[in-house]
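Shown here: target.txt, compact mmCIF, C-alpha atoms and all ligand atoms.
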# COMPACT_ATOMS: atom_id res chain seq x y z
CA MET T 1 -182.99 86.43 189.33
CA ASP T 2 -180.83 87.08 192.39
CA ASN T 3 -177.37 88.26 191.51
CA SER T 4 -176.21 88.98 195.03
CA ASP T 5 -173.15 86.78 194.67
CA SER T 6 -171.71 88.59 191.67
CA ASN T 7 -170.52 91.64 193.43
CA THR T 8 -166.87 92.44 193.07
CA LEU T 9 -166.46 96.18 192.74
CA ALA T 10 -163.99 96.83 189.97
CA PHE T 11 -161.34 99.19 191.34
CA GLU T 12 -159.65 100.41 188.22
CA ASP T 13 -162.72 100.73 186.12
CA ASN T 14 -163.16 104.05 184.40
CA ARG T 15 -166.81 103.54 183.45
CA PRO T 16 -168.92 106.02 185.39
CA GLN T 17 -170.52 104.36 188.39
CA ILE T 18 -174.16 105.23 189.05
CA SER T 19 -175.22 104.11 192.52
CA ILE T 20 -178.81 103.68 193.64
CA VAL T 21 -179.04 104.28 197.37
CA GLY T 22 -181.72 104.76 200.00
CA ARG T 23 -183.60 103.08 202.82
CA LYS T 24 -184.80 99.50 202.71
CA ASN T 25 -187.88 98.70 200.67
CA VAL T 26 -188.14 102.09 198.94
CA GLY T 27 -187.73 100.46 195.51
CA LYS T 28 -184.01 100.70 194.73
CA SER T 29 -183.82 97.27 193.10
CA SER T 30 -187.07 97.91 191.27
CA LEU T 31 -185.57 101.11 189.87
CA LEU T 32 -182.40 99.35 188.71
CA ASN T 33 -184.56 96.78 186.93
CA LYS T 34 -186.68 99.49 185.33
CA LEU T 35 -183.64 101.45 184.15
CA ILE T 36 -182.23 98.42 182.36
CA ASP T 37 -185.59 96.89 181.51
CA GLN T 38 -184.66 93.49 182.96
CA ASP T 39 -185.40 91.54 186.14
CA TYR T 40 -181.81 91.63 187.31
CA SER T 41 -181.84 92.49 191.00
CA LYS T 42 -184.13 90.66 193.40
CA VAL T 43 -187.26 92.59 194.37
CA SER T 44 -189.54 91.62 197.24
CA GLU T 45 -191.95 93.17 199.71
CA CYS T 46 -189.57 92.04 202.48
CA PRO T 47 -187.38 94.94 203.71
CA GLY T 48 -183.67 94.05 203.57
CA THR T 49 -183.80 91.95 200.39
CA THR T 50 -180.63 93.40 198.91
CA ILE T 51 -177.83 92.80 201.39
CA LYS T 52 -174.78 93.72 199.34
CA PRO T 53 -174.03 95.79 196.23
CA ILE T 54 -175.34 94.37 192.97
CA GLU T 55 -173.50 95.60 189.91
CA LYS T 56 -174.77 95.73 186.39
CA GLU T 57 -172.76 96.82 183.39
CA TYR T 58 -175.06 98.71 181.09
CA GLU T 59 -174.83 100.58 177.82
CA LEU T 60 -176.52 103.86 178.66
CA LEU T 61 -177.14 105.30 175.21
CA PRO T 62 -176.07 107.67 173.80
CA LEU T 63 -173.50 108.02 176.57
CA GLY T 64 -171.83 104.60 176.53
CA PRO T 65 -171.01 101.96 179.12
CA VAL T 66 -171.77 102.67 182.77
CA LEU T 67 -171.83 100.59 185.91
CA LEU T 68 -175.15 100.62 187.71
CA VAL T 69 -174.98 99.60 191.35
CA ASP T 70 -177.99 98.61 193.45
CA THR T 71 -177.27 98.73 197.17
CA ALA T 72 -178.50 97.54 200.56
CA GLY T 73 -180.70 99.82 202.67
CA ILE T 74 -178.90 102.50 204.68
CA GLU T 75 -180.60 101.96 208.03
CA GLU T 76 -178.67 100.98 211.06
CA GLU T 77 -179.49 97.51 212.32
CA GLY T 78 -177.25 96.10 214.99
CA GLU T 79 -173.94 94.69 213.97
CA LEU T 80 -174.98 93.82 210.44
CA GLY T 81 -176.28 97.36 210.07
CA GLU T 82 -172.91 98.78 211.12
CA LYS T 83 -171.27 96.89 208.28
CA ARG T 84 -173.82 98.21 205.84
CA ILE T 85 -173.11 101.76 206.98
CA SER T 86 -169.48 101.45 206.06
CA GLN T 87 -170.63 99.78 202.87
CA THR T 88 -172.54 103.02 202.15
CA ILE T 89 -169.32 105.00 202.57
CA LYS T 90 -167.58 102.64 200.17
CA ILE T 91 -170.39 102.96 197.65
CA LEU T 92 -170.56 106.75 197.88
CA SER T 93 -166.82 107.21 197.59
CA LYS T 94 -166.77 105.24 194.33
CA SER T 95 -169.81 106.86 192.75
CA ASP T 96 -169.72 109.22 189.81
CA PHE T 97 -173.41 109.80 190.17
CA ILE T 98 -175.90 108.97 192.93
CA VAL T 99 -179.61 108.29 192.71
CA VAL T 100 -181.28 108.53 196.12
CA VAL T 101 -184.62 106.73 196.22
CA LEU T 102 -187.27 107.86 198.73
CA ASP T 103 -190.75 106.46 199.47
CA ALA T 104 -193.39 109.03 198.50
CA ARG T 105 -195.50 108.13 201.55
CA ASP T 106 -192.86 108.80 204.20
CA ARG T 107 -191.22 111.84 205.70
CA LEU T 108 -187.43 112.12 205.65
CA HIS T 109 -185.74 109.64 207.95
CA PRO T 110 -182.66 110.77 209.98
CA LYS T 111 -180.59 108.27 207.99
CA GLU T 112 -181.69 109.96 204.76
CA ILE T 113 -180.72 113.37 206.14
CA GLU T 114 -177.33 111.91 207.09
CA LEU T 115 -177.05 110.45 203.59
CA PHE T 116 -177.67 113.88 202.01
CA ALA T 117 -175.08 115.43 204.32
CA ASN T 118 -172.54 112.81 203.23
CA ILE T 119 -173.30 113.34 199.54
CA ASP T 120 -172.82 117.06 200.11
CA LYS T 121 -169.24 116.45 201.20
CA LEU T 122 -168.45 114.98 197.79
CA ASP T 123 -168.07 116.62 194.46
CA VAL T 124 -170.61 114.31 192.83
CA GLY T 125 -173.91 114.66 190.99
CA CYS T 126 -177.08 113.41 192.65
CA ILE T 127 -180.76 112.99 191.82
CA VAL T 128 -183.50 112.28 194.30
CA ALA T 129 -186.23 109.95 193.01
CA VAL T 130 -189.45 109.94 195.02
CA ASN T 131 -190.92 106.51 194.27
CA LYS T 132 -194.36 104.91 194.68
CA ILE T 133 -196.16 108.15 193.81
CA GLU T 134 -199.35 106.31 192.91
CA PHE T 135 -200.02 106.27 196.68
CA GLY T 136 -199.87 110.07 196.65
CA THR T 137 -196.89 112.11 197.81
CA ASN T 138 -196.49 113.12 201.44
CA GLN T 139 -196.65 116.95 201.48
CA LYS T 140 -194.41 117.04 204.54
CA LEU T 141 -191.76 115.15 202.60
CA LEU T 142 -191.96 117.72 199.83
CA SER T 143 -191.55 120.63 202.22
CA GLU T 144 -188.63 118.89 203.96
CA LEU T 145 -186.92 118.45 200.59
CA LYS T 146 -187.63 122.06 199.72
CA GLU T 147 -186.12 123.20 202.99
CA LEU T 148 -182.95 121.27 202.18
CA ARG T 149 -183.03 122.77 198.67
CA ILE T 150 -183.18 119.34 197.14
CA THR T 151 -184.92 118.99 193.79
CA HIS T 152 -186.55 115.68 193.06
CA PHE T 153 -188.13 113.48 190.42
CA GLU T 154 -191.44 111.76 191.02
CA ILE T 155 -191.55 108.17 189.79
CA SER T 156 -193.44 104.95 190.13
CA CYS T 157 -191.56 101.79 189.32
CA LYS T 158 -194.79 99.87 189.57
CA GLU T 159 -196.72 102.02 187.11
CA ASN T 160 -193.67 102.86 185.02
CA VAL T 161 -194.06 106.61 185.55
CA GLY T 162 -191.16 109.05 185.24
CA ILE T 163 -188.52 106.39 184.55
CA GLU T 164 -187.58 107.58 181.04
CA GLU T 165 -187.37 111.22 182.23
CA LEU T 166 -185.17 110.13 185.13
CA LYS T 167 -182.92 108.21 182.76
CA ARG T 168 -182.56 111.24 180.47
CA LYS T 169 -181.74 113.43 183.46
CA ILE T 170 -179.04 110.97 184.59
CA ILE T 171 -177.52 110.98 181.10
CA ARG T 172 -177.44 114.78 181.02
CA SER T 173 -175.95 115.01 184.49
CA LEU T 174 -173.15 112.48 184.24
CA PRO T 175 -169.65 113.99 184.31
CA LYS T 176 -167.92 114.08 180.95
CA ASN T 177 -164.78 112.01 180.67
CA ASP T 178 -162.39 114.95 180.46
CA LYS T 179 -158.77 114.29 179.67
CA GLN T 180 -156.25 115.04 182.37
CA ILE T 181 -154.13 118.07 181.73
CA LEU T 182 -150.77 118.82 183.25
CA LEU T 183 -149.83 122.25 182.06
CA LYS T 184 -152.20 123.70 179.50
CA ASP T 185 -154.29 125.75 181.91
CA ILE T 186 -151.34 127.50 183.53
CA VAL T 187 -149.22 128.55 180.55
CA SER T 188 -149.96 130.88 177.67
CA GLN T 189 -148.78 131.38 174.14
CA GLY T 190 -145.20 132.62 174.04
CA ASP T 191 -144.36 131.64 177.64
CA THR T 192 -141.03 130.04 178.29
CA ILE T 193 -141.00 126.96 180.51
CA VAL T 194 -137.90 125.29 181.85
CA LEU T 195 -138.28 121.65 182.77
CA VAL T 196 -135.49 120.50 185.03
CA ILE T 197 -135.32 116.81 184.24
CA PRO T 198 -135.78 114.98 187.49
CA GLU T 199 -133.64 112.08 188.51
CA SER T 200 -136.61 111.28 190.63
CA ARG T 201 -136.56 108.02 192.46
CA GLN T 202 -140.04 108.93 193.61
CA ILE T 203 -141.84 108.22 190.38
CA PRO T 204 -141.63 105.01 188.32
CA GLU T 205 -139.63 105.61 185.16
CA SER T 206 -142.41 104.70 182.70
CA SER T 207 -144.83 107.10 184.35
CA LEU T 208 -142.18 109.82 184.51
CA LEU T 209 -141.39 109.52 180.84
CA GLN T 210 -145.04 109.48 179.86
CA ASN T 211 -145.71 112.63 181.88
CA GLN T 212 -142.67 114.43 180.49
CA ILE T 213 -143.85 113.67 176.97
CA GLN T 214 -147.33 114.95 177.77
CA LEU T 215 -145.84 118.06 179.33
CA ILE T 216 -143.79 118.80 176.20
CA ASN T 217 -146.77 118.14 173.95
CA GLU T 218 -149.02 120.44 175.92
CA ALA T 219 -146.40 123.20 175.96
CA LEU T 220 -146.06 122.95 172.18
CA GLU T 221 -149.81 122.90 171.68
CA GLN T 222 -150.02 126.12 173.70
CA GLU T 223 -147.34 127.59 171.42
CA SER T 224 -145.06 128.12 174.36
CA ILE T 225 -141.35 127.38 174.44
CA ILE T 226 -140.12 124.49 176.54
CA ILE T 227 -136.49 124.02 177.45
CA LEU T 228 -135.17 120.87 179.08
CA CYS T 229 -132.05 120.72 181.19
CA ARG T 230 -130.54 118.85 184.10
CA GLU T 231 -130.24 120.52 187.46
CA GLU T 232 -126.51 121.09 187.01
CA GLU T 233 -127.21 123.09 183.85
CA LEU T 234 -130.07 125.19 185.19
CA LYS T 235 -127.90 128.18 186.03
CA ALA T 236 -126.23 128.15 182.61
CA THR T 237 -129.61 127.66 180.90
CA LEU T 238 -131.10 130.66 182.67
CA ALA T 239 -127.99 132.74 181.97
CA ASN T 240 -128.52 132.09 178.26
CA LEU T 241 -132.04 133.49 178.35
CA LYS T 242 -132.76 137.21 177.96
CA LYS T 243 -135.37 137.10 180.72
CA TYR T 244 -136.51 134.68 183.38
CA PRO T 245 -138.90 131.95 182.18
CA GLU T 246 -142.58 132.14 183.14
CA LEU T 247 -142.40 128.76 184.82
CA ILE T 248 -139.76 126.37 186.13
CA ILE T 249 -140.70 122.76 186.81
CA THR T 250 -138.34 120.76 188.90
CA ASP T 251 -137.95 117.74 191.15
CA SER T 252 -139.15 117.64 194.77
CA ASP T 253 -135.64 116.60 195.80
CA ASN T 254 -133.98 119.80 194.64
CA ILE T 255 -136.90 122.20 195.02
CA LYS T 256 -135.52 123.82 198.16
CA LYS T 257 -132.15 124.63 196.61
CA ILE T 258 -133.71 125.94 193.40
CA SER T 259 -136.33 127.97 195.23
CA ILE T 260 -133.57 129.84 197.04
CA GLU T 261 -131.55 130.45 193.87
CA ILE T 262 -134.42 131.65 191.66
CA PRO T 263 -136.08 135.02 192.32
CA GLU T 264 -139.50 134.90 194.02
CA LYS T 265 -141.29 136.40 191.04
CA VAL T 266 -140.57 133.33 188.90
CA LYS T 267 -143.26 130.68 189.19
CA LEU T 268 -141.85 127.40 190.33
CA THR T 269 -143.39 124.00 190.91
CA THR T 270 -142.58 120.32 190.99
CA LEU T 271 -143.36 117.70 188.39
CA SER T 272 -145.00 115.49 190.99
CA LEU T 273 -147.36 118.30 191.98
CA LEU T 274 -148.29 118.88 188.34
CA MET T 275 -148.86 115.16 187.91
CA SER T 276 -150.94 114.82 191.02
CA ARG T 277 -153.09 117.91 190.89
CA ASN T 278 -155.47 116.62 188.25
CA LYS T 279 -156.03 113.46 190.18
CA SER T 280 -156.63 115.34 193.34
CA ASP T 281 -157.83 118.40 195.10
CA LEU T 282 -155.07 120.79 196.08
CA LYS T 283 -157.39 122.85 198.27
CA LEU T 284 -158.40 119.78 200.25
CA PHE T 285 -154.74 118.84 200.66
CA LEU T 286 -153.79 122.32 201.83
CA ARG T 287 -156.47 122.08 204.50
CA GLY T 288 -154.99 118.69 205.45
CA LEU T 289 -151.53 120.24 205.70
CA LYS T 290 -152.82 122.72 208.23
CA LYS T 291 -153.53 119.78 210.55
CA LEU T 292 -149.96 118.57 210.41
CA ASP T 293 -148.73 121.19 212.86
CA GLN T 294 -151.40 120.17 215.37
CA LEU T 295 -150.27 116.54 215.62
CA GLN T 296 -149.29 115.30 219.07
CA ASN T 297 -147.02 112.51 220.30
CA GLY T 298 -148.61 109.13 219.58
CA ASP T 299 -151.19 110.43 217.08
CA LYS T 300 -152.16 107.95 214.38
CA VAL T 301 -151.28 108.88 210.80
CA ILE T 302 -152.12 106.70 207.79
CA ILE T 303 -149.67 106.46 204.93
CA SER T 304 -151.87 105.34 202.06
CA GLU T 305 -150.22 103.72 199.06
CA LEU T 306 -152.02 102.97 195.83
CA CYS T 307 -149.32 102.07 193.36
CA SER T 308 -147.95 98.63 192.74
CA LYS T 309 -144.77 98.23 194.66
CA HIS T 310 -141.88 100.19 193.27
CA PRO T 311 -138.58 99.76 195.13
CA ALA T 312 -138.53 103.48 195.90
CA ASP T 313 -142.05 103.40 197.40
CA ASP T 314 -140.88 101.43 200.40
CA GLU T 315 -138.24 103.97 201.18
CA ILE T 316 -140.54 106.97 200.77
CA ALA T 317 -143.54 105.58 202.66
CA GLY T 318 -141.64 103.58 205.24
CA VAL T 319 -138.66 105.79 205.97
CA LYS T 320 -138.51 109.17 204.28
CA ILE T 321 -141.97 110.54 205.10
CA PRO T 322 -142.12 109.34 208.74
CA SER T 323 -138.66 110.64 209.53
CA LEU T 324 -139.19 113.99 207.78
CA ILE T 325 -142.43 114.53 209.74
CA GLU T 326 -141.05 113.44 213.10
CA HIS T 327 -138.00 115.58 212.60
CA TYR T 328 -140.11 118.59 211.60
CA LEU T 329 -142.55 118.22 214.51
CA ASN T 330 -140.02 116.86 216.97
CA LYS T 331 -142.65 114.34 218.04
CA LYS T 332 -143.13 110.56 217.82
CA LEU T 333 -146.18 109.56 215.81
CA SER T 334 -147.80 106.24 215.10
CA PHE T 335 -147.61 105.61 211.33
CA ILE T 336 -149.84 102.97 209.76
CA ARG T 337 -149.18 101.94 206.16
CA VAL T 338 -152.30 100.99 204.26
CA SER T 339 -152.54 99.79 200.68
CA GLU T 340 -156.04 98.31 200.55
CA GLU T 341 -158.68 99.69 198.23
CA PHE T 342 -160.55 101.07 201.25
CA PHE T 343 -159.20 102.16 204.59
CA PRO T 344 -159.59 99.22 207.01
CA GLU T 345 -162.70 99.47 209.16
CA TYR T 346 -160.80 98.83 212.40
CA LEU T 347 -158.83 102.04 212.04
CA THR T 348 -160.25 104.70 214.31
CA ASP T 349 -159.09 108.02 215.60
CA ILE T 350 -156.90 108.77 212.61
CA LYS T 351 -155.58 112.31 212.68
CA LEU T 352 -154.18 112.60 209.16
CA ILE T 353 -153.95 110.59 205.94
CA ILE T 354 -150.91 110.97 203.75
CA GLN T 355 -151.81 109.76 200.27
CA CYS T 356 -149.34 108.70 197.57
CA ILE T 357 -149.82 110.62 194.34
CA GLY T 358 -151.04 107.52 192.50
CA CYS T 359 -148.69 108.17 189.60
CA SER T 360 -149.44 104.86 187.91
CA LYS T 361 -153.12 104.81 188.88
CA SER T 362 -156.23 106.20 187.28
CA ARG T 363 -157.74 109.44 188.37
CA ASN T 364 -160.67 107.50 189.81
CA ALA T 365 -158.48 105.35 192.04
CA VAL T 366 -157.14 108.50 193.69
CA ARG T 367 -160.54 110.17 193.78
CA TYR T 368 -162.04 107.23 195.69
CA LYS T 369 -159.43 107.66 198.42
CA LEU T 370 -160.11 111.40 198.67
CA ASN T 371 -163.85 110.77 198.84
CA GLU T 372 -163.36 108.22 201.57
CA ALA T 373 -161.34 110.69 203.59
CA LYS T 374 -163.99 113.38 203.06
CA LEU T 375 -166.77 111.04 204.17
CA LEU T 376 -164.84 109.97 207.24
CA ASP T 377 -163.92 113.61 207.98
CA ILE T 378 -160.22 112.82 208.15
CA PRO T 379 -157.77 115.47 206.91
CA ILE T 380 -155.73 114.29 203.93
CA VAL T 381 -152.64 115.51 202.10
CA ASN T 382 -150.54 113.89 199.39
CA TYR T 383 -146.82 113.04 199.40
CA SER T 384 -146.00 115.80 197.01
CA LEU T 385 -147.49 118.74 198.92
CA LEU T 386 -146.35 117.31 202.23
CA ILE T 387 -142.73 117.05 201.14
CA SER T 388 -142.81 120.55 199.66
CA TYR T 389 -144.25 121.87 202.93
CA LEU T 390 -141.67 120.12 205.07
CA LYS T 391 -138.99 121.64 202.87
CA GLY T 392 -140.46 125.09 203.44
CA THR T 393 -141.41 125.61 199.79
CA ILE T 394 -145.13 126.30 200.23
CA PRO T 395 -146.61 128.59 198.97
CA ARG T 396 -143.80 128.82 196.39
CA VAL T 397 -144.63 125.50 194.69
CA ILE T 398 -148.30 126.35 194.44
CA SER T 399 -147.60 129.74 192.89
CA PRO T 400 -148.80 128.66 189.41
CA PHE T 401 -152.17 127.48 190.76
CA LYS T 402 -154.33 130.49 191.53
CA GLU T 403 -157.13 128.76 193.41
CA ALA T 404 -154.75 126.81 195.61
CA LEU T 405 -152.83 129.97 196.38
CA LEU T 406 -156.03 131.75 197.39
CA GLU T 407 -156.98 128.84 199.64
CA TRP T 408 -153.56 128.98 201.29
CA GLU T 409 -154.00 132.70 201.94
CA ARG T 410 -157.46 132.03 203.37
CA LEU T 411 -156.12 129.29 205.64
CA LYS T 412 -153.45 131.63 207.00
CA PHE T 413 -156.20 133.72 208.56
CA SER T 414 -158.53 130.92 209.56
CA SER T 415 -158.33 128.89 212.75
CA VAL T 416 -159.23 125.60 211.00
N1 LIG D 501 -196.76 100.36 194.87
C1 LIG D 501 -195.51 100.36 194.50
N2 LIG D 501 -194.69 99.43 194.93
C2 LIG D 501 -193.39 99.47 194.55
C3 LIG D 501 -192.89 100.46 193.68
N3 LIG D 501 -191.57 100.25 193.50
C4 LIG D 501 -191.27 99.15 194.21
N4 LIG D 501 -192.37 98.67 194.84
C5 LIG D 501 -192.49 97.52 195.72
O1 LIG D 501 -191.79 97.81 196.93
C6 LIG D 501 -191.20 96.61 197.46
C7 LIG D 501 -189.72 96.83 197.65
O2 LIG D 501 -189.11 97.00 196.40
P1 LIG D 501 -187.55 96.76 196.17
O3 LIG D 501 -187.25 97.19 194.80
O4 LIG D 501 -187.19 95.35 196.55
O5 LIG D 501 -186.99 97.75 197.26
P2 LIG D 501 -185.47 97.95 197.71
O6 LIG D 501 -185.30 99.37 198.04
O7 LIG D 501 -184.54 97.34 196.75
O8 LIG D 501 -185.50 97.12 199.06
P3 LIG D 501 -184.25 96.44 199.86
O9 LIG D 501 -183.46 95.66 198.90
O10 LIG D 501 -184.96 95.60 200.85
O11 LIG D 501 -183.50 97.54 200.50
C8 LIG D 501 -191.53 95.53 196.46
O12 LIG D 501 -192.68 94.82 196.88
C9 LIG D 501 -191.82 96.28 195.17
O13 LIG D 501 -192.69 95.58 194.30
C10 LIG D 501 -193.80 101.46 193.22
O14 LIG D 501 -193.48 102.37 192.46
N5 LIG D 501 -195.10 101.36 193.67
MG MG D 502 -183.16 95.85 196.95

If you took the structure in this file and wrote it as structure tokens, what would it be?
Amino acid sequence: MDNSDSNTLAFEDNRPQISIVGRKNVGKSSLLNKLIDQDYSKVSECPGTTIKPIEKEYELLPLGPVLLVDTAGIEEEGELGEKRISQTIKILSKSDFIVVVLDARDRLHPKEIELFANIDKLDVGCIVAVNKIEFGTNQKLLSELKELRITHFEISCKENVGIEELKRKIIRSLPKNDKQILLKDIVSQGDTIVLVIPESRQIPESSLLQNQIQLINEALEQESIIILCREEELKATLANLKKYPELIITDSDNIKKISIEIPEKVKLTTLSLLMSRNKSDLKLFLRGLKKLDQLQNGDKVIISELCSKHPADDEIAGVKIPSLIEHYLNKKLSFIRVSEEFFPEYLTDIKLIIQCIGCSKSRNAVRYKLNEAKLLDIPIVNYSLLISYLKGTIPRVISPFKEALLEWERLKFSSV
């Protein structure tokens, strides 16, 4: 059965996506069919049979539902090939796990080496399946894999060899669906935390409330003390305490003022940074920030928005961020607002991506955007860190996050 027409990639789906990738004719579709024990994706001896992603929802026991995706071959082939290349980027950026299929008879193809290099840029699990082993395995292929320190599984879809082992390995390697945490890892029992209730127009109210509740819950679970106040009462609140709190969480709008008023030794951060850090990669964003100062007049900068339109979004993405940056750099840039699932293919020569924090989106939706930026080698930063930086409050706002702070220190001494 050919299912090539049923291929809408579900954006907001939180089922882990397992993608089967590789060159044409290596047996990707055969492997998908073997894994699910059905003739689902079309198999033929003709190279180029699968021309677009074929999805299959599957109950991978004992793990649960996953989305298996069979893909087109990765080789370049004129104009159509170009499209498939960017299709590969789309597939990789959405994958939670990747199975690369190779033909046991061949040596590594440059496109396969490029594929491995791309997978390396992502924080994603990967298994290499060397298929058609009944023909015998090319020793040169094995030494090339060894040189790249790539471990592999030997399989034959035709003879049904190694498929069950491969399946078990995939199950063991899939990332666990860990719950997002806001605060737990940075506070300890007995700590006092002051949450300055934001008036934030930057975050939709429902999401704000939900995050504040989670924050309070986590603080209580950690047996720490959490005090809530408005900005006007912060001074009086602190005056009532015998010592400074271990952490103050405030709004990006008043972070500058508060950071001046509160002694350096007190850890201080913003709610939007707490909310965004679990959906993102602070270290990647800090590296992106470093590129901000290098922007020149006319450089293209993407403002990437994920969330459904909130009246405040327009103001932040369309007005606030561009004018803050241009004012800071004293340069005129070319801002392009993008809200598609993937960055449009016609966009080239982008110097920086500024990503919204995705406050009403799943962690995956944000992760896909970060992966895309990594694969395209474009620096990326999110609204939250950018605004803090432009207000001169970095590294102060990253003070509670040890790894991010270390990265910032490292970047100070690096030329990147
Ligand atoms: N001998 C042998 N043939 C295999 C094996 N696995 C797949 N094939 C054959 O290889 C050919 C290609 O298999 P597909 O599964 O269509 O390969 P694909 O990678 O999906 O190919 P495209 O969709 O064209 O990129 C078919 O004729 C399969 O029957 C295997 O383990 N051994
Ligand atoms: Mg195929």

Practice task
Grab the atom CA of T:Asn364 to atom CA of T:Leu32 distance for me, in Å with one decimal place.
Solution key: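 Interatomic distance, atom CA of T:Asn364 to atom CA of T:Leu32: 23.2 Å.
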
As a quick test: using all atoms listed in the file, which residues lie no more than 10 Å away from ligand LIG 501 (chain D)? Give them as a PDB file with C-alpha atoms, in the frame of the given file.
ATOM      1  CA  ILE T  20    -178.810 103.680 193.640  1.00  0.00           C
ATOM      2  CA  VAL T  21    -179.040 104.280 197.370  1.00  0.00           C
ATOM      3  CA  GLY T  22    -181.720 104.760 200.000  1.00  0.00           C
ATOM      4  CA  ARG T  23    -183.600 103.080 202.820  1.00  0.00           C
ATOM      5  CA  LYS T  24    -184.800  99.500 202.710  1.00  0.00           C
ATOM      6  CA  ASN T  25    -187.880  98.700 200.670  1.00  0.00           C
ATOM      7  CA  VAL T  26    -188.140 102.090 198.940  1.00  0.00           C
ATOM      8  CA  GLY T  27    -187.730 100.460 195.510  1.00  0.00           C
ATOM      9  CA  LYS T  28    -184.010 100.700 194.730  1.00  0.00           C
ATOM     10  CA  SER T  29    -183.820  97.270 193.100  1.00  0.00           C
ATOM     11  CA  SER T  30    -187.070  97.910 191.270  1.00  0.00           C
ATOM     12  CA  LEU T  31    -185.570 101.110 189.870  1.00  0.00           C
ATOM     13  CA  LEU T  32    -182.400  99.350 188.710  1.00  0.00           C
ATOM     14  CA  ASN T  33    -184.560  96.780 186.930  1.00  0.00           C
ATOM     15  CA  LYS T  34    -186.680  99.490 185.330  1.00  0.00           C
ATOM     16  CA  SER T  41    -181.840  92.490 191.000  1.00  0.00           C
ATOM     17  CA  LYS T  42    -184.130  90.660 193.400  1.00  0.00           C
ATOM     18  CA  VAL T  43    -187.260  92.590 194.370  1.00  0.00           C
ATOM     19  CA  SER T  44    -189.540  91.620 197.240  1.00  0.00           C
ATOM     20  CA  GLU T  45    -191.950  93.170 199.710  1.00  0.00           C
ATOM     21  CA  CYS T  46    -189.570  92.040 202.480  1.00  0.00           C
ATOM     22  CA  PRO T  47    -187.380  94.940 203.710  1.00  0.00           C
ATOM     23  CA  GLY T  48    -183.670  94.050 203.570  1.00  0.00           C
ATOM     24  CA  THR T  49    -183.800  91.950 200.390  1.00  0.00           C
ATOM     25  CA  THR T  50    -180.630  93.400 198.910  1.00  0.00           C
ATOM     26  CA  ILE T  51    -177.830  92.800 201.390  1.00  0.00           C
ATOM     27  CA  LYS T  52    -174.780  93.720 199.340  1.00  0.00           C
ATOM     28  CA  PRO T  53    -174.030  95.790 196.230  1.00  0.00           C
ATOM     29  CA  ASP T  70    -177.990  98.610 193.450  1.00  0.00           C
ATOM     30  CA  THR T  71    -177.270  98.730 197.170  1.00  0.00           C
ATOM     31  CA  ALA T  72    -178.500  97.540 200.560  1.00  0.00           C
ATOM     32  CA  GLY T  73    -180.700  99.820 202.670  1.00  0.00           C
ATOM     33  CA  ILE T  74    -178.900 102.500 204.680  1.00  0.00           C
ATOM     34  CA  GLU T  75    -180.600 101.960 208.030  1.00  0.00           C
ATOM     35  CA  VAL T 101    -184.620 106.730 196.220  1.00  0.00           C
ATOM     36  CA  LEU T 102    -187.270 107.860 198.730  1.00  0.00           C
ATOM     37  CA  ASP T 103    -190.750 106.460 199.470  1.00  0.00           C
ATOM     38  CA  ALA T 104    -193.390 109.030 198.500  1.00  0.00           C
ATOM     39  CA  VAL T 130    -189.450 109.940 195.020  1.00  0.00           C
ATOM     40  CA  ASN T 131    -190.920 106.510 194.270  1.00  0.00           C
ATOM     41  CA  LYS T 132    -194.360 104.910 194.680  1.00  0.00           C
ATOM     42  CA  ILE T 133    -196.160 108.150 193.810  1.00  0.00           C
ATOM     43  CA  GLU T 134    -199.350 106.310 192.910  1.00  0.00           C
ATOM     44  CA  PHE T 135    -200.020 106.270 196.680  1.00  0.00           C
ATOM     45  CA  GLU T 154    -191.440 111.760 191.020  1.00  0.00           C
ATOM     46  CA  ILE T 155    -191.550 108.170 189.790  1.00  0.00           C
ATOM     47  CA  SER T 156    -193.440 104.950 190.130  1.00  0.00           C
ATOM     48  CA  CYS T 157    -191.560 101.790 189.320  1.00  0.00           C
ATOM     49  CA  LYS T 158    -194.790  99.870 189.570  1.00  0.00           C
ATOM     50  CA  GLU T 159    -196.720 102.020 187.110  1.00  0.00           C
ATOM     51  CA  ASN T 160    -193.670 102.860 185.020  1.00  0.00           C
ATOM     52  CA  VAL T 161    -194.060 106.610 185.550  1.00  0.00           C
TER      53      VAL T 161
END

Completion exercise
Judged by all atoms listed in the file, the minimum distance to ligand MG 502 (chain D) among T:Glu55, T:Lys242, T:Val397, T:Ile213 is found for T:Glu55

Exercise for the section: Using only C-alpha atoms, determine which residues lie at most 12 Å from stretch 221-223 of chain T, disregarding the query and same-chain residues fewer than 3 positions distant; provide the list as a ChimeraX atom specification. Expected result: /T:181,183-193,214-218,226

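Straight-line separation from atom CA of T:Pro322 to atom CA of T:Ile350: 15.3 Å.
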
Exercise for the section: Find the residues around stretch 284-299 of chain T up to 10 Å (only C-alpha atoms counted), leave out those fewer than 4 positions away in its own chain, and share them as number ranges by chain. Expected result: T: 277, 280, 325-326, 328-335, 349-355, 370, 374, 378-386, 389-390, 394-395, 404-405, 407-408, 411-412, 415-416

Handout entry: Straight-line distance linking atom CA of T:Asn138 with atom CA of T:Arg168, stated in Å to one decimal
Key =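 Computed distance, atom CA of T:Asn138 to atom CA of T:Arg168, equals 25.2 Å.
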
Exercise for the section: Name all residues at most 12 Å from T:Leu61 (count all atoms listed in the file; drop same-chain ones fewer than 4 positions away) and give them as a count of residues only. Expected result: 9

Write out as a short mmCIF file (atom, residue, chain, number, x, y, z; two decimals) with C-alpha atoms, in the coordinates of the input each polymer residue whose atoms come within 8 Å of T:Lys94, counting all atoms listed in the file; drop sequence neighbours fewer than 2 positions from it.
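Final file, selection_33.cif:
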data_model
loop_
_atom_site.label_atom_id
_atom_site.label_comp_id
_atom_site.auth_asym_id
_atom_site.auth_seq_id
_atom_site.Cartn_x
_atom_site.Cartn_y
_atom_site.Cartn_z
CA GLN T 17 -170.52 104.36 188.39
CA LYS T 90 -167.58 102.64 200.17
CA ILE T 91 -170.39 102.96 197.65
CA LEU T 92 -170.56 106.75 197.88
CA ASP T 96 -169.72 109.22 189.81
CA ASN T 364 -160.67 107.50 189.81
CA ARG T 367 -160.54 110.17 193.78
CA TYR T 368 -162.04 107.23 195.69
CA ASN T 371 -163.85 110.77 198.84
#
